[in-house]
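Participant: Please read through the structure below; I'll follow up with questions.
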Amino acid sequence: MMLHKVGVFFLLGLLCAQATYVVMSDGQTKCFRSEVPQDTLIVGTFKSEALVNEASLGNSAREYNPGGLSVEEGRRVFEASQWNIMVTVKNPFEEVVLERQYEPTSRFALTSSSGGEYQVCFRSVGASPFSGLKWKMEVLFHTGVEAQNYDDVAQNEHLSKMEVSLRKLYDRALEIRQELDYQKSREIAFRDISESTNTRAVLWSVFQICIVVGSALWQMRYLKSFFRKRKLI
């Protein structure tokens with residue numbers, strides 16, 4: 001049974017896009033995490049390319065060939081391979097909101113149903129688990145306004161350049177407001193947890209004090225009764 005290696009990467013920055021290069025292998029899973037507010041558009045694009053000995057990572061040759069393959073042969077092996085990329089997206093509650101196979105170079109989009117940390121995982125399917133095929137994949141995420149295609153919006157709604165600019169500013173303002181509301185809700189949740197923890201800590205301290213005081217009173221009564229029976233007092 002082939003073990004699947006899972007790599008997890010954190011996407012820093014909510015409003016800006018960040019491109020990441022990862023080296024994929026057959027059956028390997030690479031995951032990314034991004035925290036977004038509710039009702040935020042998430043668009044991910046990925047592009048798969050053959051390795052050409054970058055940073056001593058090897059090429060897209062097959063590992064079972066003792067002699068190895070040249071760069072061009074590795075590229076031909078990569079291009080001739082029949083496989084797809086399985087994209088799985090989980091919401092902050094670990095529920096799968098998207099699971100679909102895509103071409104090695106494709107894009108996906110979804111809207112967050114709730115605010116929190118979303119996990120996006122990529123895994124190759126269809127390739128032989130014994131081929132040892134490796135390739136480079138560029139992953140790029142856009143969220144919120146950065147994910148909108150305003151060229152299509154302008155064409156569909158017949159907007160001028162000035163109107164498109166105003167639409168961008170309006171959407172950006174809405175996005176900032178959503179982010180502030182999301183941060184406010186997180187602050188409220190954190191405050192409630194802190195207050196609940198403090199209340200429990202105080203109650204536990206009071207309970208401990210009651211136990212200590214009760215034990216001391218019981219010991220005093222017991223010793224007093226013992227000394228009286230022994231006629232020591």
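As shown in the structure tokens, the chain order sets the letters A, B, ...; within each chain, residues go from 1, and ligands are also counted from 1 in the order they appear.
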Which polymer residues have any atom within 12 Å of an atom of range 109-111 of chain A, counting only C-alpha atoms, with same-chain residues fewer than 6 positions away left out, as a list in words?

Facilitator: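 The contact residues come out as Val36, Pro37, Gln38, Asp39, Thr40, Leu41, Ile42, Val43, Gly44, Thr45, Phe46, Val87, Thr88, Val89, Lys90, Asn91, Val97, Leu98, Glu99, Arg100, Tyr118, Val120, Leu140, Phe141, His142, Thr143, Gly144, Ala147 and Gln148 of chain A.
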
Participant: Could you save the residues just selected, with C-alpha atoms, as a JSON list (two decimals), in the first residue's frame?

Facilitator:
[["chain", "number", "residue", "atom", "x", "y", "z"],
["A", 36, "VAL", "CA", -11.45, 34.15, 4.47],
["A", 37, "PRO", "CA", -14.63, 35.89, 5.67],
["A", 38, "GLN", "CA", -18.12, 34.68, 4.82],
["A", 39, "ASP", "CA", -19.46, 35.11, 1.27],
["A", 40, "THR", "CA", -15.98, 35.59, -0.20],
["A", 41, "LEU", "CA", -15.11, 34.40, -3.70],
["A", 42, "ILE", "CA", -12.12, 32.04, -3.81],
["A", 43, "VAL", "CA", -10.50, 31.34, -7.17],
["A", 44, "GLY", "CA", -7.59, 28.96, -7.51],
["A", 45, "THR", "CA", -5.52, 28.32, -10.63],
["A", 46, "PHE", "CA", -2.86, 25.65, -11.01],
["A", 87, "VAL", "CA", -9.13, 19.10, -5.92],
["A", 88, "THR", "CA", -10.74, 18.80, -2.50],
["A", 89, "VAL", "CA", -11.86, 21.85, -0.52],
["A", 90, "LYS", "CA", -12.95, 21.66, 3.13],
["A", 91, "ASN", "CA", -14.64, 24.41, 5.11],
["A", 97, "VAL", "CA", -17.58, 21.68, -0.10],
["A", 98, "LEU", "CA", -15.81, 20.86, -3.37],
["A", 99, "GLU", "CA", -14.35, 17.62, -4.69],
["A", 100, "ARG", "CA", -13.75, 17.33, -8.41],
["A", 118, "TYR", "CA", -10.47, 26.71, 4.28],
["A", 120, "VAL", "CA", -7.54, 23.15, -0.44],
["A", 140, "LEU", "CA", -2.13, 30.73, -7.43],
["A", 141, "PHE", "CA", -5.04, 31.86, -5.24],
["A", 142, "HIS", "CA", -7.20, 34.96, -5.53],
["A", 143, "THR", "CA", -9.82, 35.98, -2.98],
["A", 144, "GLY", "CA", -12.45, 38.68, -2.86],
["A", 147, "ALA", "CA", -10.78, 37.04, -7.86],
["A", 148, "GLN", "CA", -13.27, 39.09, -9.87]]

Participant: Just want the 10 Å neighbourhood of range 185-187 of chain A, counted on only C-alpha atoms, with same-chain residues fewer than 6 positions away dropped. Output as a ChimeraX atom specification.

Facilitator: /A:115-116,179,193

Participant: Please produce a file of those selected residues containing N, CA and C atoms, as a PDB file, in the first residue's frame.

Facilitator:
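Saved the output as part.pdb:
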ATOM      1  N   GLY A 115     -17.291  32.084   7.421  1.00  0.00           N
ATOM      2  CA  GLY A 115     -15.949  32.597   7.621  1.00  0.00           C
ATOM      3  C   GLY A 115     -15.084  31.611   8.376  1.00  0.00           C
ATOM      4  N   GLY A 116     -13.791  31.605   8.062  1.00  0.00           N
ATOM      5  CA  GLY A 116     -12.870  30.707   8.747  1.00  0.00           C
ATOM      6  C   GLY A 116     -11.770  30.230   7.819  1.00  0.00           C
ATOM      7  N   GLU A 179     -14.451  41.984   6.057  1.00  0.00           N
ATOM      8  CA  GLU A 179     -13.293  41.574   6.843  1.00  0.00           C
ATOM      9  C   GLU A 179     -13.383  42.121   8.263  1.00  0.00           C
ATOM     10  N   ILE A 193     -15.041  33.033  24.975  1.00  0.00           N
ATOM     11  CA  ILE A 193     -14.254  31.886  25.455  1.00  0.00           C
ATOM     12  C   ILE A 193     -13.405  32.289  26.656  1.00  0.00           C
TER      13      ILE A 193
END

Participant: What is the distance, in Å and to one decimal place, between CA of Phe93 in chain A and CA of Gln183 in chain A?

Facilitator: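 Going from CA of Phe93 in chain A over to CA of Gln183 in chain A covers 18.0 Å.
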
Participant: What is the distance between CA of Met86 in chain A and CA of Leu51 in chain A, in Å to one decimal?

Facilitator: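 One can read the CA of Met86 in chain A to CA of Leu51 in chain A distance as 20.3 Å.
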
Participant: So the first atom is CA of Ser106 in chain A and the second is CA of Ser124 in chain A; what is the distance between them in Å, to one decimal place?

Facilitator: 13.3 Å

Participant: Taking only range 85-174 of chain A into account, list the residues labelled strand (DSSP E or B) by DSSP (computed from the backbone), as a PyMOL selection string.

Facilitator: chain A and resi 85-90+96-102+106-111+116-125+134-143

Participant: Can you write out the residues you just picked, keeping N, CA, C and O atoms, as a compact mmCIF listing (two decimals), in the first residue's frame?

Facilitator:
# COMPACT_ATOMS: atom_id res chain seq x y z
N ILE A 85 -5.91 15.97 -11.79
CA ILE A 85 -5.71 16.49 -10.45
C ILE A 85 -7.05 16.51 -9.72
O ILE A 85 -8.02 17.09 -10.21
N MET A 86 -7.08 15.83 -8.57
CA MET A 86 -8.27 15.86 -7.73
C MET A 86 -8.15 17.03 -6.75
O MET A 86 -7.20 17.12 -5.98
N VAL A 87 -9.11 17.94 -6.81
CA VAL A 87 -9.13 19.10 -5.92
C VAL A 87 -10.21 18.88 -4.86
O VAL A 87 -11.37 18.63 -5.19
N THR A 88 -9.81 18.97 -3.62
CA THR A 88 -10.74 18.80 -2.50
C THR A 88 -10.66 20.03 -1.61
O THR A 88 -9.57 20.42 -1.18
N VAL A 89 -11.80 20.65 -1.36
CA VAL A 89 -11.86 21.85 -0.52
C VAL A 89 -12.74 21.54 0.69
O VAL A 89 -13.85 21.04 0.55
N LYS A 90 -12.21 21.85 1.88
CA LYS A 90 -12.95 21.66 3.13
C LYS A 90 -13.15 23.01 3.81
O LYS A 90 -12.25 23.85 3.80
N VAL A 96 -16.54 18.71 3.34
CA VAL A 96 -16.10 18.83 1.94
C VAL A 96 -17.12 19.66 1.17
O VAL A 96 -18.28 19.28 1.06
N VAL A 97 -16.69 20.80 0.67
CA VAL A 97 -17.58 21.68 -0.10
C VAL A 97 -17.29 21.60 -1.59
O VAL A 97 -18.09 22.07 -2.39
N LEU A 98 -16.14 21.04 -1.95
CA LEU A 98 -15.81 20.86 -3.37
C LEU A 98 -14.87 19.68 -3.51
O LEU A 98 -13.86 19.60 -2.81
N GLU A 99 -15.21 18.76 -4.38
CA GLU A 99 -14.35 17.62 -4.69
C GLU A 99 -14.58 17.24 -6.14
O GLU A 99 -15.63 16.71 -6.51
N ARG A 100 -13.57 17.50 -6.96
CA ARG A 100 -13.75 17.33 -8.41
C ARG A 100 -12.40 17.12 -9.06
O ARG A 100 -11.38 17.62 -8.59
N GLN A 101 -12.41 16.35 -10.18
CA GLN A 101 -11.19 16.14 -10.95
C GLN A 101 -11.06 17.21 -12.03
O GLN A 101 -12.05 17.57 -12.68
N TYR A 102 -9.84 17.71 -12.19
CA TYR A 102 -9.55 18.73 -13.19
C TYR A 102 -8.38 18.27 -14.05
O TYR A 102 -7.64 17.36 -13.69
N SER A 106 -5.58 23.90 -14.77
CA SER A 106 -6.98 24.29 -14.77
C SER A 106 -7.21 25.33 -13.68
O SER A 106 -6.25 25.87 -13.11
N ARG A 107 -8.46 25.61 -13.37
CA ARG A 107 -8.83 26.54 -12.32
C ARG A 107 -10.14 26.08 -11.68
O ARG A 107 -10.91 25.33 -12.29
N PHE A 108 -10.39 26.55 -10.47
CA PHE A 108 -11.64 26.26 -9.79
C PHE A 108 -12.07 27.51 -9.03
O PHE A 108 -11.27 28.42 -8.78
N ALA A 109 -13.35 27.56 -8.68
CA ALA A 109 -13.89 28.72 -7.96
C ALA A 109 -15.01 28.27 -7.04
O ALA A 109 -15.75 27.32 -7.34
N LEU A 110 -15.13 28.93 -5.92
CA LEU A 110 -16.23 28.70 -4.99
C LEU A 110 -16.38 29.92 -4.11
O LEU A 110 -15.47 30.76 -4.01
N THR A 111 -17.53 30.01 -3.45
CA THR A 111 -17.81 31.10 -2.52
C THR A 111 -17.91 30.54 -1.12
O THR A 111 -18.61 29.54 -0.90
N GLY A 116 -13.79 31.61 8.06
CA GLY A 116 -12.87 30.71 8.75
C GLY A 116 -11.77 30.23 7.82
O GLY A 116 -11.55 30.79 6.74
N GLU A 117 -11.09 29.18 8.25
CA GLU A 117 -9.95 28.65 7.51
C GLU A 117 -10.39 27.53 6.57
O GLU A 117 -10.95 26.53 7.02
N TYR A 118 -10.12 27.71 5.30
CA TYR A 118 -10.47 26.71 4.28
C TYR A 118 -9.20 25.96 3.87
O TYR A 118 -8.12 26.55 3.76
N GLN A 119 -9.36 24.67 3.64
CA GLN A 119 -8.24 23.82 3.24
C GLN A 119 -8.46 23.33 1.81
O GLN A 119 -9.51 22.77 1.49
N VAL A 120 -7.48 23.57 0.97
CA VAL A 120 -7.54 23.15 -0.44
C VAL A 120 -6.42 22.13 -0.66
O VAL A 120 -5.25 22.42 -0.44
N CYS A 121 -6.79 20.92 -1.10
CA CYS A 121 -5.83 19.84 -1.30
C CYS A 121 -5.81 19.42 -2.77
O CYS A 121 -6.86 19.36 -3.42
N PHE A 122 -4.60 19.12 -3.27
CA PHE A 122 -4.40 18.64 -4.64
C PHE A 122 -3.78 17.25 -4.58
O PHE A 122 -2.83 17.01 -3.82
N ARG A 123 -4.32 16.35 -5.40
CA ARG A 123 -3.79 14.98 -5.46
C ARG A 123 -3.92 14.46 -6.88
O ARG A 123 -4.95 14.66 -7.53
N SER A 124 -2.88 13.79 -7.35
CA SER A 124 -2.92 13.23 -8.70
C SER A 124 -3.73 11.94 -8.71
O SER A 124 -3.66 11.13 -7.79
N VAL A 125 -4.51 11.74 -9.75
CA VAL A 125 -5.31 10.53 -9.93
C VAL A 125 -5.15 10.06 -11.37
O VAL A 125 -5.01 10.86 -12.29
N LYS A 134 7.28 12.75 -11.53
CA LYS A 134 7.35 13.98 -10.75
C LYS A 134 7.13 15.17 -11.68
O LYS A 134 7.53 15.13 -12.84
N TRP A 135 6.50 16.20 -11.14
CA TRP A 135 6.31 17.39 -11.94
C TRP A 135 6.20 18.61 -11.03
O TRP A 135 6.02 18.49 -9.81
N LYS A 136 6.32 19.76 -11.63
CA LYS A 136 6.21 21.03 -10.91
C LYS A 136 4.83 21.60 -11.12
O LYS A 136 4.31 21.60 -12.24
N MET A 137 4.22 22.10 -10.04
CA MET A 137 2.89 22.69 -10.15
C MET A 137 2.90 24.08 -9.51
O MET A 137 3.31 24.25 -8.37
N GLU A 138 2.46 25.05 -10.27
CA GLU A 138 2.32 26.41 -9.77
C GLU A 138 0.88 26.62 -9.31
O GLU A 138 -0.06 26.38 -10.08
N VAL A 139 0.70 27.05 -8.08
CA VAL A 139 -0.63 27.26 -7.51
C VAL A 139 -0.78 28.74 -7.18
O VAL A 139 0.08 29.33 -6.53
N LEU A 140 -1.87 29.31 -7.65
CA LEU A 140 -2.13 30.73 -7.43
C LEU A 140 -3.56 30.90 -6.93
O LEU A 140 -4.50 30.37 -7.52
N PHE A 141 -3.72 31.62 -5.82
CA PHE A 141 -5.04 31.86 -5.24
C PHE A 141 -5.38 33.35 -5.30
O PHE A 141 -4.53 34.21 -5.05
N HIS A 142 -6.65 33.61 -5.60
CA HIS A 142 -7.20 34.96 -5.53
C HIS A 142 -8.44 34.90 -4.65
O HIS A 142 -9.24 33.95 -4.74
N THR A 143 -8.63 35.91 -3.82
CA THR A 143 -9.82 35.98 -2.98
C THR A 143 -10.43 37.36 -3.07
O THR A 143 -9.74 38.35 -3.29

Participant: Please identify the helix (DSSP H, G or I) residues within range 28-217 of chain A (assignment by DSSP from backbone atoms) and present them as a ChimeraX atom specification.

Facilitator: /A:54-56,71-80,144-147,150-157,161-217
